[in-house]
$ cat entry.csv   # CSV, C-alpha atoms
chain,number,residue,atom,x,y,z
A,42,MET,CA,-6.5,67.4,-1.8
A,43,LEU,CA,-5.0,68.2,1.6
A,44,VAL,CA,-6.7,65.2,3.1
A,45,VAL,CA,-5.5,62.9,0.4
A,46,LEU,CA,-1.9,64.1,0.8
A,47,VAL,CA,-1.8,63.8,4.5
A,48,LEU,CA,-3.6,60.5,4.8
A,49,PRO,CA,-0.9,58.0,3.8
A,50,PRO,CA,1.3,58.6,6.9
A,51,LEU,CA,-1.7,58.4,9.2
A,52,ALA,CA,-2.9,55.1,7.5
A,53,MET,CA,0.6,53.7,7.9
A,54,ALA,CA,0.7,54.7,11.6
A,55,GLN,CA,-2.7,52.9,12.2
A,56,THR,CA,-1.6,49.8,10.5
A,57,GLN,CA,1.6,49.6,12.6
A,58,THR,CA,-0.1,50.3,15.8
A,59,ALA,CA,-2.4,47.3,15.3
A,60,ARG,CA,0.6,45.0,15.5
A,61,PRO,CA,1.6,43.7,18.9
A,62,VAL,CA,4.6,45.6,20.3
A,63,ASP,CA,7.3,44.3,22.6
A,64,SER,CA,7.6,47.3,25.0
A,65,HIS,CA,11.2,46.2,25.9
A,66,ASP,CA,12.3,46.4,22.2
A,67,LEU,CA,13.0,49.9,21.1
A,68,SER,CA,15.0,48.9,18.0
A,69,GLY,CA,14.4,50.8,14.9
A,70,VAL,CA,14.9,54.3,13.4
A,71,TRP,CA,13.4,57.2,15.5
A,72,GLN,CA,13.4,60.9,15.5
A,73,PHE,CA,12.3,63.5,18.1
A,74,ALA,CA,9.1,65.2,17.1
A,75,SER,CA,9.2,68.9,16.9
A,76,GLY,CA,8.0,70.9,19.9
A,77,GLY,CA,9.1,71.2,23.5
A,78,GLY,CA,12.5,72.8,23.6
A,79,GLY,CA,13.4,72.7,20.0
A,80,GLN,CA,17.0,71.6,19.5
A,81,GLY,CA,17.6,71.1,23.3
A,82,PRO,CA,16.0,70.2,26.6
A,83,GLY,CA,13.9,73.4,26.7
A,84,ASP,CA,13.6,76.9,28.0
A,85,ASN,CA,12.4,75.8,31.4
A,86,PHE,CA,15.8,75.6,33.1
A,87,PRO,CA,16.1,76.4,36.8
A,88,PRO,CA,18.0,79.5,38.1
A,89,LEU,CA,21.7,79.3,37.2
A,90,THR,CA,24.5,79.3,39.8
A,91,ALA,CA,27.1,82.1,39.5
A,92,TRP,CA,29.3,79.6,37.7
A,93,GLY,CA,26.5,78.6,35.4
A,94,GLN,CA,25.5,82.1,34.7
A,95,ALA,CA,29.0,83.1,33.6
A,96,LYS,CA,29.1,80.1,31.3
A,97,TYR,CA,25.7,80.9,29.9
A,98,ASP,CA,26.7,84.5,29.3
A,99,ALA,CA,29.8,83.4,27.4
A,100,ASN,CA,27.8,81.1,25.1
A,101,LYS,CA,26.6,83.0,22.0
A,102,PRO,CA,23.9,80.9,20.3
A,103,GLY,CA,22.4,81.0,16.9
A,104,TYR,CA,18.9,80.1,18.3
A,105,GLY,CA,16.5,81.4,20.9
A,106,PRO,CA,16.0,84.8,22.5
A,107,ARG,CA,19.8,85.5,22.6
A,108,ALA,CA,20.4,84.5,19.0
A,109,ALA,CA,22.8,86.6,17.0
A,110,PRO,CA,24.5,86.1,13.6
A,111,GLY,CA,27.9,84.5,14.1
A,112,GLY,CA,28.2,83.1,17.6
A,113,ASN,CA,30.4,80.5,19.2
A,114,ASP,CA,28.3,77.4,19.1
A,115,PRO,CA,30.9,74.6,19.5
A,116,ILE,CA,29.3,72.5,16.8
A,117,LEU,CA,30.2,75.2,14.2
A,118,LYS,CA,33.7,73.8,14.4
A,119,CYS,CA,32.4,70.2,14.3
A,120,ASP,CA,33.1,69.6,17.9
A,121,PRO,CA,31.1,66.5,19.0
A,122,THR,CA,27.5,67.5,19.6
A,123,GLY,CA,27.5,65.9,23.0
A,124,PHE,CA,24.7,64.6,25.2
A,125,PRO,CA,21.8,65.3,25.6
A,126,ARG,CA,21.9,67.8,22.7
A,127,ILE,CA,22.4,65.1,20.1
A,128,LEU,CA,19.0,63.6,20.9
A,129,PHE,CA,17.3,66.8,19.8
A,130,GLN,CA,19.1,67.4,16.5
A,131,ILE,CA,17.2,67.4,13.2
A,132,TRP,CA,18.5,64.0,12.2
A,133,PRO,CA,17.1,60.5,12.9
A,134,PHE,CA,18.8,57.9,15.1
A,135,GLU,CA,18.6,54.2,15.2
A,136,ILE,CA,18.3,52.1,18.4
A,137,LEU,CA,20.1,48.7,18.1
A,138,ASN,CA,20.0,45.8,20.6
A,139,VAL,CA,23.2,43.9,21.1
A,140,PRO,CA,24.0,41.5,23.9
A,141,GLY,CA,24.5,43.5,27.1
A,142,ARG,CA,24.0,46.9,25.5
A,143,ILE,CA,21.6,49.1,23.7
A,144,LEU,CA,23.3,51.2,21.0
A,145,MET,CA,22.1,54.6,19.8
A,146,PHE,CA,23.4,55.3,16.3
A,147,PHE,CA,22.9,59.0,15.5
A,148,GLU,CA,22.9,60.1,11.9
A,149,GLY,CA,24.2,63.5,12.9
A,150,GLN,CA,28.0,63.2,13.2
A,151,HIS,CA,27.6,59.4,12.6
A,152,THR,CA,27.9,58.8,16.4
A,153,ILE,CA,27.3,55.7,18.4
A,154,ARG,CA,26.4,55.9,22.0
A,155,PRO,CA,26.5,52.7,24.1
A,156,ILE,CA,24.1,52.1,27.0
A,157,TRP,CA,25.3,49.2,29.2
A,158,MET,CA,22.4,46.9,30.1
A,159,ASP,CA,24.4,44.1,31.8
A,160,GLY,CA,23.6,45.2,35.3
A,161,ARG,CA,26.9,47.1,35.9
A,162,LYS,CA,27.1,50.1,38.2
A,163,LEU,CA,28.0,53.6,37.1
A,164,PRO,CA,31.7,54.2,37.4
A,165,ALA,CA,32.8,56.1,40.5
A,166,ASP,CA,35.4,58.3,38.9
A,167,PRO,CA,34.9,58.2,35.1
A,168,ASP,CA,37.1,60.1,32.7
A,169,PRO,CA,35.1,63.1,31.4
A,170,THR,CA,33.9,62.5,27.8
A,171,TRP,CA,31.6,64.1,25.3
A,172,TYR,CA,28.8,61.5,25.7
A,173,GLY,CA,29.5,60.3,29.3
A,174,TYR,CA,29.1,56.7,30.5
A,175,SER,CA,25.6,55.3,30.4
A,176,VAL,CA,24.0,52.4,32.3
A,177,GLY,CA,20.4,51.4,31.6
A,178,ARG,CA,17.8,49.2,33.2
A,179,TRP,CA,14.1,48.4,32.7
A,180,ASP,CA,11.7,49.7,35.3
A,181,GLY,CA,8.5,48.0,34.2
A,182,ASP,CA,7.9,49.2,30.6
A,183,THR,CA,10.3,52.2,31.0
A,184,LEU,CA,13.9,52.1,30.0
A,185,VAL,CA,15.8,54.2,32.5
A,186,VAL,CA,19.3,55.4,31.5
A,187,GLU,CA,21.6,57.1,33.9
A,188,THR,CA,24.7,58.9,32.6
A,189,VAL,CA,27.7,60.5,34.3
A,190,GLY,CA,31.2,61.3,33.3
A,191,PHE,CA,30.7,64.3,31.0
A,192,ASN,CA,33.2,66.9,30.1
A,193,ASP,CA,31.9,70.5,30.2
A,194,LYS,CA,32.7,71.5,26.6
A,195,THR,CA,29.3,71.0,25.0
A,196,TRP,CA,26.0,72.9,25.1
A,197,LEU,CA,22.8,71.1,26.3
A,198,GLY,CA,20.9,72.7,23.4
A,199,ALA,CA,21.1,75.1,20.5
A,200,GLN,CA,20.2,78.0,22.8
A,201,GLY,CA,23.5,77.7,24.7
A,202,GLN,CA,22.3,76.1,27.9
A,203,PRO,CA,25.5,75.2,29.7
A,204,HIS,CA,26.5,72.3,31.9
A,205,SER,CA,29.5,71.2,34.0
A,206,ASP,CA,31.4,68.0,34.4
A,207,GLN,CA,29.3,67.3,37.5
A,208,MET,CA,26.2,66.7,35.4
A,209,LYS,CA,24.2,63.5,35.8
A,210,THR,CA,21.3,62.8,33.5
A,211,ILE,CA,18.4,60.3,33.8
A,212,GLU,CA,16.5,59.5,30.7
A,213,ARG,CA,13.2,57.6,30.7
A,214,TYR,CA,11.9,56.0,27.5
A,215,ARG,CA,8.4,54.4,27.4
A,216,ARG,CA,7.0,53.0,24.2
A,217,ILE,CA,3.4,53.9,24.2
A,218,ASP,CA,2.6,52.4,20.7
A,219,ALA,CA,4.5,51.0,17.7
A,220,ASN,CA,5.4,54.5,16.5
A,221,THR,CA,5.7,56.5,19.6
A,222,ILE,CA,8.1,56.7,22.6
A,223,ASP,CA,7.3,59.0,25.5
A,224,PHE,CA,10.6,60.7,26.6
A,225,HIS,CA,11.5,62.4,29.9
A,226,LEU,CA,14.9,63.8,30.9
A,227,THR,CA,16.2,64.8,34.3
A,228,ILE,CA,19.4,67.0,34.5
A,229,ASP,CA,21.1,67.1,37.8
A,230,ASP,CA,24.0,69.5,37.7
A,231,PRO,CA,24.5,71.4,41.0
A,232,LYS,CA,27.5,73.3,39.7
A,233,THR,CA,25.4,74.9,37.0
A,234,TYR,CA,21.8,74.9,38.1
A,235,THR,CA,20.4,75.6,41.5
A,236,LYS,CA,17.7,72.9,41.2
A,237,ILE,CA,17.3,69.6,39.4
A,238,TRP,CA,16.0,70.3,35.9
A,239,GLU,CA,13.1,68.3,34.6
A,240,ALA,CA,13.4,69.0,30.8
A,241,GLU,CA,10.3,69.5,28.7
A,242,PRO,CA,8.7,66.1,28.0
A,243,ARG,CA,9.0,65.1,24.4
A,244,THR,CA,7.7,62.6,22.0
A,245,ILE,CA,9.9,60.4,19.8
A,246,LYS,CA,8.3,59.1,16.5
A,247,ALA,CA,9.2,56.1,14.5
A,248,ARG,CA,10.7,56.8,11.1
A,249,PRO,CA,9.7,53.7,9.0
A,250,GLY,CA,11.7,53.4,5.8
A,251,VAL,CA,14.4,55.8,6.9
A,252,GLU,CA,18.0,54.5,6.7
A,253,ILE,CA,20.7,56.2,8.7
A,254,ALA,CA,23.1,57.9,6.3
A,255,GLU,CA,26.7,59.0,6.8
A,256,SER,CA,26.5,62.5,8.1
A,257,PHE,CA,29.8,63.3,9.6
A,258,CYS,CA,30.6,66.9,10.4
A,259,VAL,CA,33.9,67.3,8.6
A,260,ALA,CA,36.0,70.2,10.1
A,261,SER,CA,37.9,71.0,6.9
A,262,GLU,CA,34.6,71.2,4.9
A,263,GLU,CA,32.9,73.1,7.6
A,264,GLU,CA,35.7,75.7,7.6
A,265,GLU,CA,35.2,76.2,3.9
A,266,PHE,CA,31.5,76.5,4.4
A,267,ALA,CA,32.1,79.1,7.0
A,268,ARG,CA,34.4,81.1,4.7
A,269,ARG,CA,32.0,81.0,1.8
A,270,ILE,CA,28.6,81.2,3.5
A,271,ARG,CA,28.4,81.5,7.2
A,272,GLU,CA,30.8,84.5,7.6
A,273,PRO,CA,29.4,86.6,4.7
A,274,ALA,CA,25.9,85.9,6.0
A,275,ALA,CA,26.8,87.0,9.5
A,276,ARG,CA,29.1,90.0,8.7
A,277,GLN,CA,27.8,93.2,10.1
A,278,PRO,CA,27.7,96.1,7.7
A,279,GLY,CA,30.6,98.5,8.2
A,280,LYS,CA,32.8,95.9,10.0
A,281,GLU,CA,34.2,94.1,7.0
B,246,MET,CA,-4.7,72.6,-5.9
B,247,LYS,CA,-1.2,74.2,-5.8
B,248,LYS,CA,-2.0,76.1,-2.7
B,249,ALA,CA,-3.4,73.0,-1.0
B,250,SER,CA,-0.3,71.0,-2.0
B,251,MET,CA,2.0,73.7,-0.6
B,252,PHE,CA,0.0,73.8,2.6
B,253,ALA,CA,0.3,70.0,2.9
B,254,ILE,CA,4.0,70.1,2.3
B,255,ALA,CA,4.3,72.7,4.9
B,256,LEU,CA,2.4,70.6,7.4
B,257,LEU,CA,4.5,67.5,6.6
B,258,LEU,CA,7.6,69.5,7.1
B,259,LEU,CA,6.4,70.7,10.5
B,260,CYS,CA,5.5,67.1,11.4
B,261,VAL,CA,8.9,65.8,10.4
B,262,ARG,CA,11.0,68.3,12.2
B,263,ALA,CA,11.0,72.1,11.9
B,264,SER,CA,14.3,73.7,12.2
B,265,ALA,CA,17.7,74.0,10.6
B,266,HIS,CA,21.0,72.9,11.8
B,267,HIS,CA,23.3,75.5,13.1
B,268,GLY,CA,21.4,78.6,14.0
B,269,ASN,CA,19.8,80.5,11.3
B,270,SER,CA,19.8,83.9,13.0
B,271,ALA,CA,21.8,85.4,10.1
B,272,TYR,CA,18.8,84.8,7.8
B,273,ASP,CA,15.4,86.5,7.6
B,274,GLU,CA,13.2,83.4,7.9
B,275,THR,CA,10.0,85.4,7.7
B,276,ALA,CA,11.0,86.6,4.2
B,277,ARG,CA,10.7,84.6,0.9
B,278,VAL,CA,12.7,86.1,-2.0
B,279,THR,CA,12.9,84.6,-5.5
B,280,ILE,CA,16.2,84.8,-7.4
B,281,LYS,CA,16.8,83.5,-10.9
B,282,GLY,CA,20.2,82.7,-12.2
B,283,VAL,CA,22.7,80.2,-13.6
B,284,VAL,CA,24.2,77.5,-11.4
B,285,THR,CA,28.0,77.7,-11.2
B,286,GLU,CA,28.6,75.0,-8.5
B,287,PHE,CA,26.8,72.5,-6.4
B,288,VAL,CA,28.6,71.4,-3.2
B,289,TRP,CA,27.3,68.1,-1.8
B,290,VAL,CA,29.0,67.9,1.7
B,291,ASN,CA,28.0,67.5,5.3
B,292,PRO,CA,26.5,69.1,7.1
B,293,HIS,CA,25.5,71.8,4.6
B,294,CYS,CA,25.1,71.4,0.9
B,295,GLN,CA,25.6,74.6,-1.1
B,296,ILE,CA,24.3,76.0,-4.4
B,297,TYR,CA,26.3,78.8,-6.0
B,298,LEU,CA,24.8,80.8,-8.9
B,299,ASP,CA,25.2,83.9,-10.9
B,300,VAL,CA,22.3,86.2,-10.9
B,301,LYS,CA,21.8,89.4,-12.9
B,302,ASP,CA,20.6,92.3,-10.7
B,303,LYS,CA,18.2,95.0,-12.0
B,304,ASN,CA,21.1,96.9,-13.5
B,305,GLY,CA,22.3,93.9,-15.5
B,306,ASN,CA,25.3,93.3,-13.3
B,307,VAL,CA,26.1,89.7,-12.4
B,308,VAL,CA,26.0,89.0,-8.6
B,309,HIS,CA,27.4,85.7,-7.3
B,310,TRP,CA,24.9,84.2,-4.8
B,311,ALA,CA,25.7,81.5,-2.3
B,312,VAL,CA,22.7,79.4,-1.0
B,313,GLU,CA,23.0,77.1,2.1
B,314,THR,CA,20.8,74.1,2.5
B,315,ASN,CA,20.5,70.8,4.4
B,316,SER,CA,22.8,67.8,4.7
B,317,PRO,CA,23.0,65.2,1.9
B,318,ALA,CA,21.1,62.7,4.1
B,319,ILE,CA,18.1,65.0,4.5
B,320,LEU,CA,18.2,66.1,0.9
B,321,THR,CA,18.4,62.5,-0.3
B,322,ARG,CA,15.2,61.7,1.6
B,323,ALA,CA,13.6,64.7,-0.2
B,324,GLY,CA,14.6,63.3,-3.6
B,325,TRP,CA,17.8,65.4,-4.3
B,326,THR,CA,21.0,63.7,-5.5
B,327,ARG,CA,24.6,64.9,-5.9
B,328,ARG,CA,23.8,65.3,-9.6
B,329,SER,CA,20.7,67.5,-9.0
B,330,PHE,CA,22.5,70.4,-10.5
B,331,LYS,CA,25.2,71.0,-13.1
B,332,ALA,CA,27.0,74.2,-13.9
B,333,GLY,CA,25.0,76.1,-16.5
B,334,ASP,CA,21.5,75.0,-15.2
B,335,GLU,CA,19.0,77.9,-15.2
B,336,VAL,CA,17.1,77.9,-11.9
B,337,SER,CA,14.9,80.0,-9.8
B,338,ILE,CA,15.2,79.7,-6.0
B,339,ILE,CA,12.7,80.8,-3.4
B,340,LEU,CA,14.9,81.6,-0.4
B,341,CYS,CA,15.4,83.3,3.0
B,342,PRO,CA,17.9,86.0,2.4
B,343,ALA,CA,20.7,87.1,4.8
B,344,LYS,CA,19.6,89.9,7.1
B,345,ASN,CA,22.7,91.9,6.2
B,346,GLY,CA,21.8,92.2,2.5
B,347,ALA,CA,24.7,90.0,1.4
B,348,PRO,CA,23.9,87.7,-1.6
B,349,VAL,CA,23.8,84.7,0.8
B,350,ALA,CA,20.7,82.7,1.6
B,351,TYR,CA,19.2,79.7,3.2
B,352,ILE,CA,16.7,77.1,1.9
B,353,GLY,CA,15.6,74.0,3.6
B,354,THR,CA,13.6,72.2,6.3
B,355,GLY,CA,12.0,74.5,8.8
B,356,ASP,CA,11.3,77.2,6.1
B,357,PRO,CA,8.3,76.0,4.2
B,358,GLY,CA,8.0,77.4,0.7
B,359,THR,CA,11.8,77.5,0.1
B,360,LYS,CA,12.6,75.5,-3.0
B,361,VAL,CA,14.4,75.3,-6.4
B,362,ILE,CA,12.5,75.5,-9.7
B,363,PHE,CA,14.2,74.5,-12.9
B,364,ALA,CA,13.7,76.1,-16.3
B,365,ASP,CA,11.5,73.1,-17.3
B,366,GLY,CA,9.3,73.5,-14.3
B,367,ARG,CA,10.7,70.6,-12.2
B,368,GLU,CA,11.0,71.5,-8.5
B,369,LEU,CA,13.2,70.4,-5.6
B,370,ASP,CA,11.9,71.0,-2.2
B,371,PHE,CA,12.3,69.5,1.3
B,372,ALA,CA,9.3,67.2,1.7
B,373,GLU,CA,10.4,63.6,2.3
B,374,LYS,CA,9.9,61.3,-0.7
B,375,THR,CA,11.8,58.2,0.3
B,376,ALA,CA,10.5,57.6,3.8
B,377,LYS,CA,7.5,55.2,4.0
$ encode --input "entry.csv" --output "structure tokens"
Amino acid sequence: MLVVLVLPPLAMAQTQTARPVDSHDLSGVWQFASGGGGQGPGDNFPPLTAWGQAKYDANKPGYGPRAAPGGNDPILKCDPTGFPRILFQIWPFEILNVPGRILMFFEGQHTIRPIWMDGRKLPADPDPTWYGYSVGRWDGDTLVVETVGFNDKTWLGAQGQPHSDQMKTIERYRRIDANTIDFHLTIDDPKTYTKIWEAEPRTIKARPGVEIAESFCVASEEEEFARRIREPAARQPGKE
Amino acid sequence: MKKASMFAIALLLLCVRASAHHGNSAYDETARVTIKGVVTEFVWVNPHCQIYLDVKDKNGNVVHWAVETNSPAILTRAGWTRRSFKAGDEVSIILCPAKNGAPVAYIGTGDPGTKVIFADGRELDFAEKTAK
């Protein structure tokens, strides 16, 4: 019975793998496979600077070894998830090719992230933003995306890994078959980490048949949710 | 058969993506508790849908429970709809309770075995039905 139930997705995967794949076309709906660093770039981060340590200590996550009920994860208030954290969320995303750009359309927070593919350079002095400014190019069969211009308001992952506005990221996407992208991420943030961080390698899987739905985080609804569920669940006995 | 199905569902969930949205440290995800009650409200909003129900405790007192679950998009792919519950529905829910003992709980992806069972035996869980 177990075999029968599990077979259909595998059969689908084999059928799709048999088709020729354009390695420079990543269009379609995808989702990070579980593993690696969970909802973030991983636990393997380099030693923090003093600035980074202070920021890390101030972050009170709901996940990982420092998890505690409550906490101050910025996404609890529907702040933008930010990059690269949005990659690792539990929702799928769609990659769209448009002239001069690749767009990543994330179901979580219904967010679009443009990656400029028209040969332009990274800006020298970008305004700090939640997702930064991204420029991509093909290096053989690998899409290489460099991003600068982040603010320092987001966490890199659900475990509260911090970053600064000095962060530069390099993503590498290589499609190894119709249903699989090999993903590597480099985080260079000398203000926060004492070395360049090579995040845990991850696999991105195709999600055939999945349509990206509207999943905004709505602050007013989230406040009501916090009042009715999150806060009662996190309240410590005797401190009501 | 039932055991094998549950195992398969658990496997599929793990393959799809195992974890919840915002930090589940308030809940005991190693525990599975079954409550039975009458639905008072079903809230279908992002990013957390919510089921509220009245449950009689062992002394016969009505306790109002609040159950957090996944987003409408994730639930839709698992076969739920905004009309999955109406006030007055009798349901059993297998859930992860709050660690602090409050009548608050989580069900959803990442916690295999959590699900809703209606009085007529129908079930709502978190295995994807709509994806190919």
$ atom_distance --input "entry.csv" --atom1 "atom CA of Leu340 of chain B" --atom2 "atom CA of Phe129 of chain A"
25.2 Å
$ atom_distance --input "entry.csv" --atom1 "atom CA of Asp180 of chain A" --atom2 "atom CA of Arg161 of chain A"
15.4 Å
$ interface_residues --input "entry.csv" --of "chain A" --to "chain B" --cutoff "6 Å" --atoms "all atoms listed in the file" --output "list in words"
Leu43, Ser75, Gly103, Tyr104, Ala109, Pro110, Pro249, Gly250, Val251, Ala254, Ser256, Cys258, Ala274 and Ala275 of chain A
$ residues_around --input "entry.csv" --residues "His151 of chain A" --least-positions-apart "3" --cutoff "10 Å" --atoms "only C-alpha atoms" --output "NGL selection string"
:A and (134 or 146-148 or 253-258)
$ atom_distance --input "entry.csv" --atom1 "atom CA of Asn113 of chain A" --atom2 "atom CA of Pro169 of chain A"
21.8 Å
$ residues_around --input "entry.csv" --residues "Arg367 of chain B" --least-positions-apart "2" --cutoff "12 Å" --atoms "all atoms listed in the file" --output "PDB file with C-alpha atoms, keeping the file's coordinate frame"
ATOM      1  CA  GLY B 324      14.600  63.300  -3.600  1.00  0.00           C
ATOM      2  CA  TRP B 325      17.800  65.400  -4.300  1.00  0.00           C
ATOM      3  CA  SER B 329      20.700  67.500  -9.000  1.00  0.00           C
ATOM      4  CA  PHE B 330      22.500  70.400 -10.500  1.00  0.00           C
ATOM      5  CA  GLU B 335      19.000  77.900 -15.200  1.00  0.00           C
ATOM      6  CA  VAL B 336      17.100  77.900 -11.900  1.00  0.00           C
ATOM      7  CA  SER B 337      14.900  80.000  -9.800  1.00  0.00           C
ATOM      8  CA  ILE B 338      15.200  79.700  -6.000  1.00  0.00           C
ATOM      9  CA  LYS B 360      12.600  75.500  -3.000  1.00  0.00           C
ATOM     10  CA  VAL B 361      14.400  75.300  -6.400  1.00  0.00           C
ATOM     11  CA  ILE B 362      12.500  75.500  -9.700  1.00  0.00           C
ATOM     12  CA  PHE B 363      14.200  74.500 -12.900  1.00  0.00           C
ATOM     13  CA  ALA B 364      13.700  76.100 -16.300  1.00  0.00           C
ATOM     14  CA  ASP B 365      11.500  73.100 -17.300  1.00  0.00           C
ATOM     15  CA  LEU B 369      13.200  70.400  -5.600  1.00  0.00           C
ATOM     16  CA  ASP B 370      11.900  71.000  -2.200  1.00  0.00           C
TER      17      ASP B 370
END
$ closest_residue --input "entry.csv" --among "A:Glu252, A:Asp114, A:Asp193, A:Asp182" --to "Ser64 of chain A" --atoms "all atoms listed in the file"
A:Asp182
$ residues_near_point --input "entry.csv" --point "(28.9, 75.9, 27.9)" --cutoff "8 Å" --atoms "all atoms listed in the file" --output "ChimeraX atom specification"
/A:96-97,99-100,193-197,201-205
$ closest_residue --input "entry.csv" --among "A:Arg213, A:Gly105, A:Thr227, A:Ile153" --to "Gln80 of chain A" --atoms "all atoms listed in the file"
A:Gly105
$ residues_near_point --input "entry.csv" --point "(31.9, 80.2, 15.9)" --cutoff "10 Å" --atoms "all atoms listed in the file" --output "list in words"
Lys101, Pro102, Gly103, Pro110, Gly111, Gly112, Asn113, Asp114, Pro115, Ile116, Leu117, Lys118, Ala267, Arg271 and Glu272 of chain A
$ write_last_selection --input "entry.csv" --atoms "C-alpha atoms" --output "PDB file, keeping the file's coordinate frame"
ATOM      1  CA  LYS A 101      26.600  83.000  22.000  1.00  0.00           C
ATOM      2  CA  PRO A 102      23.900  80.900  20.300  1.00  0.00           C
ATOM      3  CA  GLY A 103      22.400  81.000  16.900  1.00  0.00           C
ATOM      4  CA  PRO A 110      24.500  86.100  13.600  1.00  0.00           C
ATOM      5  CA  GLY A 111      27.900  84.500  14.100  1.00  0.00           C
ATOM      6  CA  GLY A 112      28.200  83.100  17.600  1.00  0.00           C
ATOM      7  CA  ASN A 113      30.400  80.500  19.200  1.00  0.00           C
ATOM      8  CA  ASP A 114      28.300  77.400  19.100  1.00  0.00           C
ATOM      9  CA  PRO A 115      30.900  74.600  19.500  1.00  0.00           C
ATOM     10  CA  ILE A 116      29.300  72.500  16.800  1.00  0.00           C
ATOM     11  CA  LEU A 117      30.200  75.200  14.200  1.00  0.00           C
ATOM     12  CA  LYS A 118      33.700  73.800  14.400  1.00  0.00           C
ATOM     13  CA  ALA A 267      32.100  79.100   7.000  1.00  0.00           C
ATOM     14  CA  ARG A 271      28.400  81.500   7.200  1.00  0.00           C
ATOM     15  CA  GLU A 272      30.800  84.500   7.600  1.00  0.00           C
TER      16      GLU A 272
END
$ build_atoms --input "entry.csv" --residues "segment 279-290 of chain B" --atoms "N, CA and C atoms" --output "mmCIF file, in the frame of the given file"
data_model
loop_
_atom_site.group_PDB
_atom_site.id
_atom_site.type_symbol
_atom_site.label_atom_id
_atom_site.label_comp_id
_atom_site.auth_asym_id
_atom_site.auth_seq_id
_atom_site.Cartn_x
_atom_site.Cartn_y
_atom_site.Cartn_z
ATOM 1 N N THR B 279 12.632 85.472 -4.336
ATOM 2 C CA THR B 279 12.900 84.600 -5.500
ATOM 3 C C THR B 279 14.081 85.230 -6.282
ATOM 4 N N ILE B 280 15.111 84.412 -6.525
ATOM 5 C CA ILE B 280 16.200 84.800 -7.400
ATOM 6 C C ILE B 280 16.224 83.873 -8.604
ATOM 7 N N LYS B 281 16.694 84.362 -9.727
ATOM 8 C CA LYS B 281 16.800 83.500 -10.900
ATOM 9 C C LYS B 281 18.196 83.674 -11.479
ATOM 10 N N GLY B 282 18.854 82.551 -11.759
ATOM 11 C CA GLY B 282 20.200 82.700 -12.200
ATOM 12 C C GLY B 282 20.718 81.360 -12.833
ATOM 13 N N VAL B 283 22.033 81.319 -13.014
ATOM 14 C CA VAL B 283 22.700 80.200 -13.600
ATOM 15 C C VAL B 283 23.633 79.541 -12.637
ATOM 16 N N VAL B 284 23.444 78.245 -12.408
ATOM 17 C CA VAL B 284 24.200 77.500 -11.400
ATOM 18 C C VAL B 284 25.711 77.486 -11.849
ATOM 19 N N THR B 285 26.596 77.812 -10.909
ATOM 20 C CA THR B 285 28.000 77.700 -11.200
ATOM 21 C C THR B 285 28.661 76.519 -10.462
ATOM 22 N N GLU B 286 28.033 76.095 -9.347
ATOM 23 C CA GLU B 286 28.600 75.000 -8.500
ATOM 24 C C GLU B 286 27.603 74.471 -7.579
ATOM 25 N N PHE B 287 27.638 73.170 -7.373
ATOM 26 C CA PHE B 287 26.800 72.500 -6.400
ATOM 27 C C PHE B 287 27.686 71.709 -5.468
ATOM 28 N N VAL B 288 27.695 72.038 -4.184
ATOM 29 C CA VAL B 288 28.600 71.400 -3.200
ATOM 30 C C VAL B 288 27.754 70.439 -2.360
ATOM 31 N N TRP B 289 28.082 69.164 -2.415
ATOM 32 C CA TRP B 289 27.300 68.100 -1.800
ATOM 33 C C TRP B 289 28.121 67.567 -0.592
ATOM 34 N N VAL B 290 28.158 68.324 0.515
ATOM 35 C CA VAL B 290 29.000 67.900 1.700
ATOM 36 C C VAL B 290 28.166 68.082 2.967
#
